[in-house]
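S.K.: File model-v1.cif below, mmCIF, C-alpha atoms:
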```
data_input
#
loop_
_atom_site.label_atom_id
_atom_site.label_comp_id
_atom_site.auth_asym_id
_atom_site.auth_seq_id
_atom_site.Cartn_x
_atom_site.Cartn_y
_atom_site.Cartn_z
CA MET A 34 -9.11 18.39 -20.54
CA ALA A 35 -10.11 20.60 -17.61
CA GLU A 36 -7.41 21.06 -15.00
CA VAL A 37 -7.77 18.68 -12.06
CA HIS A 38 -6.68 19.84 -8.61
CA GLN A 39 -7.47 16.82 -6.44
CA LEU A 40 -8.19 13.12 -6.67
CA LEU A 41 -11.73 11.79 -6.89
CA GLY A 42 -12.41 9.80 -3.73
CA PRO A 43 -10.18 8.90 -0.78
CA LEU A 44 -6.84 7.12 -0.92
CA LEU A 45 -7.82 4.14 1.17
CA LEU A 46 -4.32 3.22 2.38
CA ALA A 47 -3.43 6.81 3.29
CA ARG A 48 -5.88 7.04 6.18
CA SER A 49 -5.01 7.29 9.86
CA ALA A 50 -6.73 8.05 13.15
CA ILE A 51 -3.93 7.77 15.71
CA ASP A 52 -0.95 9.75 16.97
CA ARG A 53 2.21 7.82 16.08
CA SER A 54 3.73 8.87 19.43
CA ALA A 55 7.29 9.30 18.17
CA LEU A 56 8.32 11.01 21.42
CA GLN A 57 7.52 7.85 23.42
CA ARG A 58 9.55 5.43 21.29
CA ASP A 59 12.77 5.92 23.28
CA ASP A 60 11.03 6.08 26.66
CA THR A 61 11.44 2.51 27.91
CA GLU A 62 9.47 3.18 31.10
CA TRP A 63 6.51 4.51 29.12
CA LEU A 64 6.71 1.55 26.71
CA ASP A 65 6.70 -0.90 29.63
CA ARG A 66 3.72 0.82 31.25
CA ALA A 67 1.82 0.85 27.99
CA TRP A 68 2.55 -2.83 27.35
CA ASN A 69 1.39 -3.81 30.83
CA ASP A 70 -1.83 -1.77 30.59
CA PRO A 71 -4.78 -4.14 30.02
CA ALA A 72 -6.46 -1.45 27.92
CA THR A 73 -3.65 -1.60 25.35
CA ARG A 74 -4.66 -3.15 22.02
CA VAL A 75 -2.38 -5.45 20.03
CA LEU A 76 -2.57 -6.20 16.31
CA ILE A 77 -0.96 -9.57 15.55
CA ILE A 78 0.71 -9.60 12.14
CA GLU A 79 2.02 -12.66 10.27
CA GLU A 80 3.51 -12.28 6.78
CA GLY A 81 1.23 -9.37 6.01
CA ARG A 82 -1.96 -10.89 7.42
CA THR A 83 -3.97 -10.10 10.51
CA LEU A 84 -7.32 -11.28 11.87
CA VAL A 85 -10.46 -9.37 10.90
CA ARG A 86 -14.09 -9.82 11.85
CA ARG A 87 -17.29 -8.57 10.24
CA THR A 88 -20.12 -7.45 12.50
CA GLY A 89 -23.10 -6.39 10.45
CA ASP A 90 -21.89 -3.89 7.88
CA GLU A 91 -18.60 -3.12 9.64
CA THR A 92 -15.32 -4.99 9.32
CA GLU A 93 -12.68 -4.45 11.98
CA ILE A 94 -9.32 -5.83 13.03
CA VAL A 95 -9.42 -8.33 15.89
CA TYR A 96 -7.25 -6.82 18.62
CA PHE A 97 -5.80 -8.63 21.61
CA SER A 98 -4.71 -7.54 25.07
CA PRO A 99 -0.98 -7.88 25.81
CA ASP A 100 -1.69 -10.90 28.04
CA GLU A 101 -3.48 -12.68 25.17
CA THR A 102 -0.74 -11.97 22.64
CA PRO A 103 1.74 -14.69 21.63
CA PRO A 104 5.45 -13.85 22.03
CA GLY A 105 7.18 -12.04 19.21
CA PRO A 106 8.86 -8.78 18.24
CA ARG A 107 6.62 -5.83 19.08
CA TYR A 108 6.34 -2.42 17.52
CA LEU A 109 4.66 0.68 18.89
CA LEU A 110 2.02 1.97 16.47
CA GLY A 111 0.73 4.90 18.49
CA VAL A 112 -1.98 6.21 20.79
CA ASP A 113 -5.57 7.14 19.99
CA SER A 114 -7.63 10.10 21.24
CA ARG A 115 -8.61 8.12 24.36
CA GLN A 116 -4.91 7.54 25.16
CA ILE A 117 -5.17 3.84 24.37
CA ALA A 118 -1.87 2.50 23.07
CA TYR A 119 -1.64 0.25 20.00
CA PHE A 120 1.16 -2.22 19.29
CA ALA A 121 1.84 -4.70 16.52
CA VAL A 122 3.41 -8.07 17.32
CA SER A 123 4.96 -10.24 14.63
CA ALA A 124 3.78 -13.74 15.54
CA PRO A 125 1.67 -16.63 14.23
CA LEU A 126 -2.01 -15.74 14.06
CA PRO A 127 -3.93 -17.56 16.82
CA GLY A 128 -5.80 -20.59 15.52
CA VAL A 129 -4.73 -20.07 11.91
CA ALA A 130 -2.66 -22.48 9.83
CA SER A 131 -0.15 -20.90 7.46
CA ARG A 132 -1.23 -21.04 3.81
CA GLY A 133 2.23 -20.43 2.45
CA VAL A 134 1.35 -17.01 0.98
CA ASP A 135 3.51 -14.03 1.88
CA HIS A 136 1.16 -11.04 1.85
CA THR A 137 4.10 -8.64 1.66
CA ASP A 138 5.23 -10.16 -1.68
CA PRO A 139 3.54 -8.41 -4.63
CA ARG A 140 4.08 -11.44 -6.86
CA GLN A 141 1.97 -13.59 -4.53
CA ILE A 142 -0.75 -11.13 -3.47
CA ARG A 143 -1.71 -10.20 -7.05
CA ALA A 144 -3.58 -13.51 -7.21
CA LEU A 145 -5.66 -12.65 -4.14
CA PRO A 146 -8.82 -10.69 -5.04
CA PRO A 147 -10.24 -8.01 -2.74
CA LEU A 148 -12.94 -9.25 -0.38
CA GLY A 149 -16.42 -7.79 -0.14
CA THR A 150 -18.55 -7.61 2.98
CA GLY A 151 -20.55 -10.59 1.73
CA ASP A 152 -17.41 -12.72 1.54
CA LEU A 153 -16.95 -12.58 5.33
CA GLU A 154 -19.10 -14.63 7.66
CA ASP A 155 -20.71 -12.41 10.29
CA GLY A 156 -18.98 -12.71 13.65
CA ARG A 157 -16.17 -15.01 12.52
CA ALA A 158 -12.52 -13.96 12.78
CA VAL A 159 -10.58 -14.74 9.60
CA PRO A 160 -7.03 -13.98 8.41
CA ALA A 161 -6.71 -11.47 5.61
CA GLY A 162 -4.13 -9.33 3.89
CA LEU A 163 -4.23 -5.60 3.39
CA ARG A 164 -4.99 -5.83 -0.30
CA GLN A 165 -7.98 -8.04 0.48
CA VAL A 166 -9.63 -5.95 3.20
CA GLY A 167 -8.13 -2.45 2.96
CA VAL A 168 -11.35 -1.19 1.35
CA LEU A 169 -13.50 -2.61 4.12
CA LEU A 170 -11.60 -1.26 7.13
CA GLY A 171 -12.28 2.08 8.81
CA ASP A 172 -9.74 4.89 9.08
CA ARG A 173 -8.15 3.67 12.31
CA ASP A 174 -7.78 0.04 11.30
CA ALA A 175 -6.65 0.75 7.75
CA GLY A 176 -3.93 3.08 9.01
CA LEU A 177 -2.76 0.68 11.70
CA MET A 178 -2.64 -2.29 9.35
CA VAL A 179 -0.64 -0.42 6.71
CA TYR A 180 1.78 0.64 9.43
CA ALA A 181 2.12 -2.87 10.87
CA VAL A 182 2.57 -4.54 7.48
CA ALA A 183 5.30 -2.06 6.54
CA LEU A 184 7.21 -2.48 9.81
CA GLU A 185 6.97 -6.27 9.72
CA ALA A 186 8.32 -6.38 6.17
CA TRP A 187 11.24 -4.09 7.03
CA HIS A 188 12.26 -6.06 10.12
CA ALA A 189 12.05 -9.35 8.20
CA THR A 190 14.65 -8.17 5.67
CA HIS A 191 16.94 -6.02 7.82
CA ALA A 192 17.94 -8.26 10.73
CA PHE A 193 21.67 -7.91 9.98
CA CYS A 194 24.03 -4.95 9.77
CA PRO A 195 24.94 -4.10 6.15
CA ARG A 196 28.42 -3.03 7.28
CA CYS A 197 29.65 -5.96 9.39
CA GLY A 198 26.97 -8.62 8.95
CA GLY A 199 26.24 -8.82 12.69
CA ARG A 200 22.70 -9.26 13.98
CA THR A 201 21.08 -5.94 14.86
CA GLU A 202 18.89 -5.17 17.87
CA VAL A 203 15.42 -3.65 17.81
CA ARG A 204 15.12 -0.27 19.54
CA ALA A 205 12.80 2.75 19.68
CA GLY A 206 9.59 0.77 19.82
CA GLY A 207 10.48 -1.09 16.63
CA HIS A 208 11.50 1.96 14.60
CA VAL A 209 15.28 1.55 14.71
CA ARG A 210 17.68 -1.38 14.46
CA VAL A 211 21.09 -0.87 16.07
CA CYS A 212 24.28 -2.79 15.39
CA PRO A 213 25.90 -3.63 18.75
CA ALA A 214 29.30 -4.00 17.08
CA ASP A 215 29.65 -0.61 15.39
CA GLY A 216 26.76 1.36 16.91
CA GLY A 217 25.24 2.02 13.50
CA GLN A 218 21.54 2.93 13.44
CA HIS A 219 19.29 1.64 10.68
CA PHE A 220 15.83 3.05 10.01
CA PRO A 221 12.79 1.70 8.15
CA ARG A 222 13.27 1.92 4.40
CA VAL A 223 10.71 3.47 2.06
CA ASP A 224 11.08 3.26 -1.73
CA PRO A 225 9.46 6.22 -3.57
CA ALA A 226 7.73 5.33 -6.82
CA VAL A 227 5.92 7.60 -9.25
CA ILE A 228 2.62 6.43 -10.71
CA MET A 229 1.13 8.51 -13.49
CA LEU A 230 -1.93 8.75 -15.65
CA VAL A 231 -0.86 9.95 -19.09
CA HIS A 232 -3.50 11.78 -21.12
CA ASP A 233 -3.48 13.50 -24.50
CA GLY A 234 -4.90 16.80 -23.23
CA ASP A 235 -8.26 16.03 -24.77
CA ASP A 236 -10.37 12.90 -24.20
CA ARG A 237 -7.93 9.99 -24.12
CA CYS A 238 -5.81 8.35 -21.43
CA LEU A 239 -3.13 5.70 -21.76
CA LEU A 240 -3.54 2.35 -20.02
CA ALA A 241 -1.09 -0.55 -20.15
CA ARG A 242 -0.71 -4.21 -19.24
CA GLY A 243 2.42 -5.78 -17.76
CA PRO A 244 3.84 -9.00 -19.27
CA GLN A 245 2.99 -10.95 -16.09
CA TRP A 246 -0.66 -9.86 -16.13
CA PRO A 247 -3.52 -11.78 -17.77
CA GLU A 248 -5.39 -10.42 -20.79
CA GLY A 249 -7.69 -7.53 -19.94
CA ARG A 250 -5.88 -6.35 -16.79
CA PHE A 251 -4.88 -2.73 -17.34
CA SER A 252 -3.48 0.06 -15.20
CA VAL A 253 -1.53 3.29 -15.42
CA LEU A 254 2.26 3.47 -15.71
CA ALA A 255 4.58 3.47 -12.70
CA GLY A 256 8.23 3.16 -11.76
CA PHE A 257 10.75 3.74 -9.01
CA VAL A 258 12.53 7.04 -8.52
CA GLU A 259 16.26 6.68 -9.21
CA PRO A 260 19.08 8.13 -7.06
CA GLY A 261 19.61 11.84 -7.62
CA GLU A 262 16.34 12.19 -9.54
CA SER A 263 13.38 14.50 -8.93
CA LEU A 264 9.84 13.14 -8.98
CA GLU A 265 8.98 15.13 -12.11
CA HIS A 266 12.01 13.80 -13.99
CA ALA A 267 11.12 10.27 -12.90
CA VAL A 268 7.64 10.67 -14.43
CA ILE A 269 9.07 11.85 -17.73
CA ARG A 270 11.77 9.16 -17.83
CA GLU A 271 9.54 6.24 -16.88
CA VAL A 272 6.89 7.05 -19.49
CA ALA A 273 9.53 7.44 -22.20
CA GLU A 274 11.23 4.18 -21.22
CA GLU A 275 8.08 2.08 -20.96
CA VAL A 276 5.96 3.29 -23.89
CA GLY A 277 8.16 5.75 -25.83
CA VAL A 278 5.83 8.71 -25.27
CA PRO A 279 7.26 12.15 -24.41
CA VAL A 280 5.23 13.92 -21.71
CA THR A 281 5.19 17.37 -20.20
CA GLY A 282 3.73 19.15 -17.18
CA PRO A 283 3.80 16.38 -14.53
CA ARG A 284 1.29 17.43 -11.89
CA TYR A 285 1.29 15.87 -8.41
CA LEU A 286 -2.12 14.80 -7.04
CA GLY A 287 -1.47 12.70 -3.95
CA SER A 288 0.37 9.81 -2.36
CA GLN A 289 -0.26 6.66 -0.42
CA PRO A 290 1.87 3.89 1.07
CA TRP A 291 1.96 0.57 -0.76
CA PRO A 292 3.80 -1.73 1.68
CA PHE A 293 4.37 -4.61 -0.74
CA PRO A 294 6.98 -4.54 0.58
CA ARG A 295 7.93 -0.85 1.11
CA SER A 296 6.77 1.53 -1.64
CA LEU A 297 5.38 5.03 -1.33
CA MET A 298 3.30 5.73 -4.44
CA LEU A 299 3.33 9.36 -5.61
CA GLY A 300 0.51 10.04 -8.04
CA PHE A 301 0.74 12.34 -11.06
CA PHE A 302 -1.07 13.40 -14.21
CA ALA A 303 1.11 14.09 -17.26
CA ARG A 304 0.20 15.28 -20.77
CA ALA A 305 1.53 13.49 -23.82
CA VAL A 306 3.36 15.60 -26.40
CA ALA A 307 3.04 12.79 -28.98
CA THR A 308 0.88 9.65 -28.94
CA GLU A 309 2.77 7.06 -30.98
CA LEU A 310 3.66 4.07 -28.79
CA THR A 311 6.97 2.18 -28.69
CA LEU A 312 6.75 -0.45 -25.98
CA ASP A 313 9.53 -1.90 -23.86
CA PRO A 314 8.54 -5.60 -24.05
CA GLN A 315 10.21 -6.40 -20.73
CA GLU A 316 7.97 -3.87 -18.98
CA ILE A 317 4.83 -3.56 -21.12
CA ALA A 318 2.97 -6.27 -23.04
CA GLU A 319 0.21 -4.02 -24.32
CA ALA A 320 -0.75 -0.35 -24.16
CA ARG A 321 -3.75 1.49 -25.60
CA TRP A 322 -5.26 4.94 -25.71
CA TYR A 323 -8.85 5.03 -24.46
CA SER A 324 -11.42 7.77 -24.75
CA ARG A 325 -13.92 7.96 -21.91
CA ALA A 326 -16.60 6.36 -24.08
CA GLU A 327 -14.23 3.58 -25.19
CA LEU A 328 -13.16 2.82 -21.64
CA ALA A 329 -16.77 2.68 -20.42
CA ALA A 330 -17.68 0.32 -23.26
CA ALA A 331 -14.66 -1.91 -22.62
CA LEU A 332 -15.54 -2.15 -18.92
CA ARG A 333 -19.15 -3.06 -19.69
CA ALA A 334 -17.99 -5.75 -22.11
CA GLY A 335 -15.48 -7.15 -19.62
CA GLU A 336 -12.61 -6.48 -22.00
CA VAL A 337 -10.83 -4.27 -19.47
CA ARG A 338 -10.46 -4.73 -15.73
CA LEU A 339 -9.15 -1.92 -13.56
CA PRO A 340 -6.88 -1.95 -10.48
CA PRO A 341 -8.69 -2.49 -7.17
CA GLU A 342 -10.21 0.39 -5.22
CA VAL A 343 -7.48 0.14 -2.60
CA SER A 344 -4.89 1.38 -5.14
CA ILE A 345 -3.96 4.93 -6.10
CA ALA A 346 -3.96 3.74 -9.72
CA ARG A 347 -7.74 3.30 -9.53
CA ARG A 348 -8.18 6.81 -8.10
CA LEU A 349 -6.06 8.35 -10.88
CA ILE A 350 -8.16 6.64 -13.56
CA GLU A 351 -11.45 7.62 -11.94
CA THR A 352 -10.28 11.20 -11.48
CA TRP A 353 -9.50 11.45 -15.21
CA TYR A 354 -12.81 9.78 -16.10
CA GLY A 355 -14.79 12.09 -13.80
CA GLU A 356 -16.71 9.54 -11.73
CA ARG A 357 -16.43 6.17 -10.02
CA LEU A 358 -16.00 3.08 -12.20
CA THR A 359 -16.61 -0.65 -11.80
CA GLY A 360 -14.66 -3.61 -13.09
CA ASP A 361 -11.91 -4.67 -10.67
CA TRP A 362 -9.04 -7.04 -11.40
#
```
Mind converting the file's structure to structure tokens?
M.R.:
Amino acid sequence: MAEVHQLLGPLLLARSAIDRSALQRDDTEWLDRAWNDPATRVLIIEEGRTLVRRTGDETEIVYFSPDETPPGPRYLLGVDSRQIAYFAVSAPLPGVASRGVDHTDPRQIRALPPLGTGDLEDGRAVPAGLRQVGVLLGDRDAGLMVYAVALEAWHATHAFCPRCGGRTEVRAGGHVRVCPADGGQHFPRVDPAVIMLVHDGDDRCLLARGPQWPEGRFSVLAGFVEPGESLEHAVIREVAEEVGVPVTGPRYLGSQPWPFPRSLMLGFFARAVATELTLDPQEIAEARWYSRAELAAALRAGEVRLPPEVSIARRLIETWYGERLTGDW
């Protein structure tokens, strides 16, 4: 297999077009001015969903002015090149009834397929989660929605001090929670996870199916980095634990946030030293080696479905294959 130096295609949740304005987060006067500026744009976020609207071939987030925004915790997202400030507010979406689906919970959002342009009525604002519309959004909106989803999920699960149990207060434009009792500062949590395409050095890659997935749904292997562990060691350990295959030469190719609820996915290729499989049944229900021709045939026959385009897993598979593929989950 020829050495690969970069991923094929963009990582759709790793895009951004704003300055995060970290220096303004502690400037309460600046934050107040920005919030009271009618030009400021607000993204309303509710359990991982926001409102989007398709106009022709473009799909964009529906932004509100501060005066139009319902009350709720607000988080500074940044400033664009025109010096327009962007905030997220955690509040019920205007005119939308809750469907009881938490779009920050990976167990619930797996059942929600990505939306295509044709699935959205032209000119109508509809609620949608990041996994549904991340492919459709432009750089600015994709970056802002990832950011807002991640902050909302962190605040929802870190309202209390882990030391004393007291309720914490939001500071720094939503980027710090402070315990008024002990003064402790708590910052947004990110969980690093390695995700790796294992290949045999020739023409085969390893794809697997989790026990909770339906027949035909395959992806690459992945797992969380443990305390005191390097990324490379995590790749080697996770592959050995899940499928019993020793690998060598982990090679980093890129990363993207996966805020379901707080992962950062770090993508690797790794070469198998041996190819015999010994599966951990709690983690892996099925794993197979595929040549490029076998994978193409399985996709045409509908026997294999790949992760959605919004995922780094899809980019790793397409990079190994050498071109874009069809056949989403």
S.K.: Excluding same-chain residues fewer than 2 positions from Ala47 (chain A), what lies within 6 Å of it counting all atoms listed in the file, as a list in words?
M.R.: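 Skipping anything fewer than 2 positions along the chain leaves Leu44, Leu45 and Gln289 of chain A.
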S.K.: Please return the centre and edge lengths, in Å to one decimal, of a box with edges along x, y and z that contains all listed atoms of region 296-299 of chain A, widened by 5 Å on every side, as AutoDock Vina command-line options.
M.R.:
```
--center_x 5.0 --center_y 5.4 --center_z -3.5 --size_x 13.5 --size_y 17.8 --size_z 14.3
```
S.K.: Which value, in Å to one decimal, gives the distance between CA of Arg196 (chain A) and CA of Val211 (chain A)?
M.R.: 11.6 Å
S.K.: For this structure, which residues satisfy the selection - the PyMOL selection byres ((chain A and resi 87) around 8) - when it is evaluated on the file as given? I want them as JSON, numbers by chain.
M.R.: {"A": [85, 86, 88, 89, 90, 91, 92, 93, 150, 153, 154, 155, 156, 157, 158]}
S.K.: As a ChimeraX atom specification, please: the residues near Gly234 (chain A) (cut-off 12 Å, only C-alpha atoms, same-chain neighbours under 3 positions excluded).
M.R.: /A:34-37,230-231,237-239,280-282,302-308,324,353
S.K.: Nearest residue to Asp113 (chain A) out of A:Arg82, A:Arg58, A:Arg250, A:Arg53, using all atoms listed in the file?
M.R.: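 Answer, going by the shortest atom-to-atom distance: A:Arg53.
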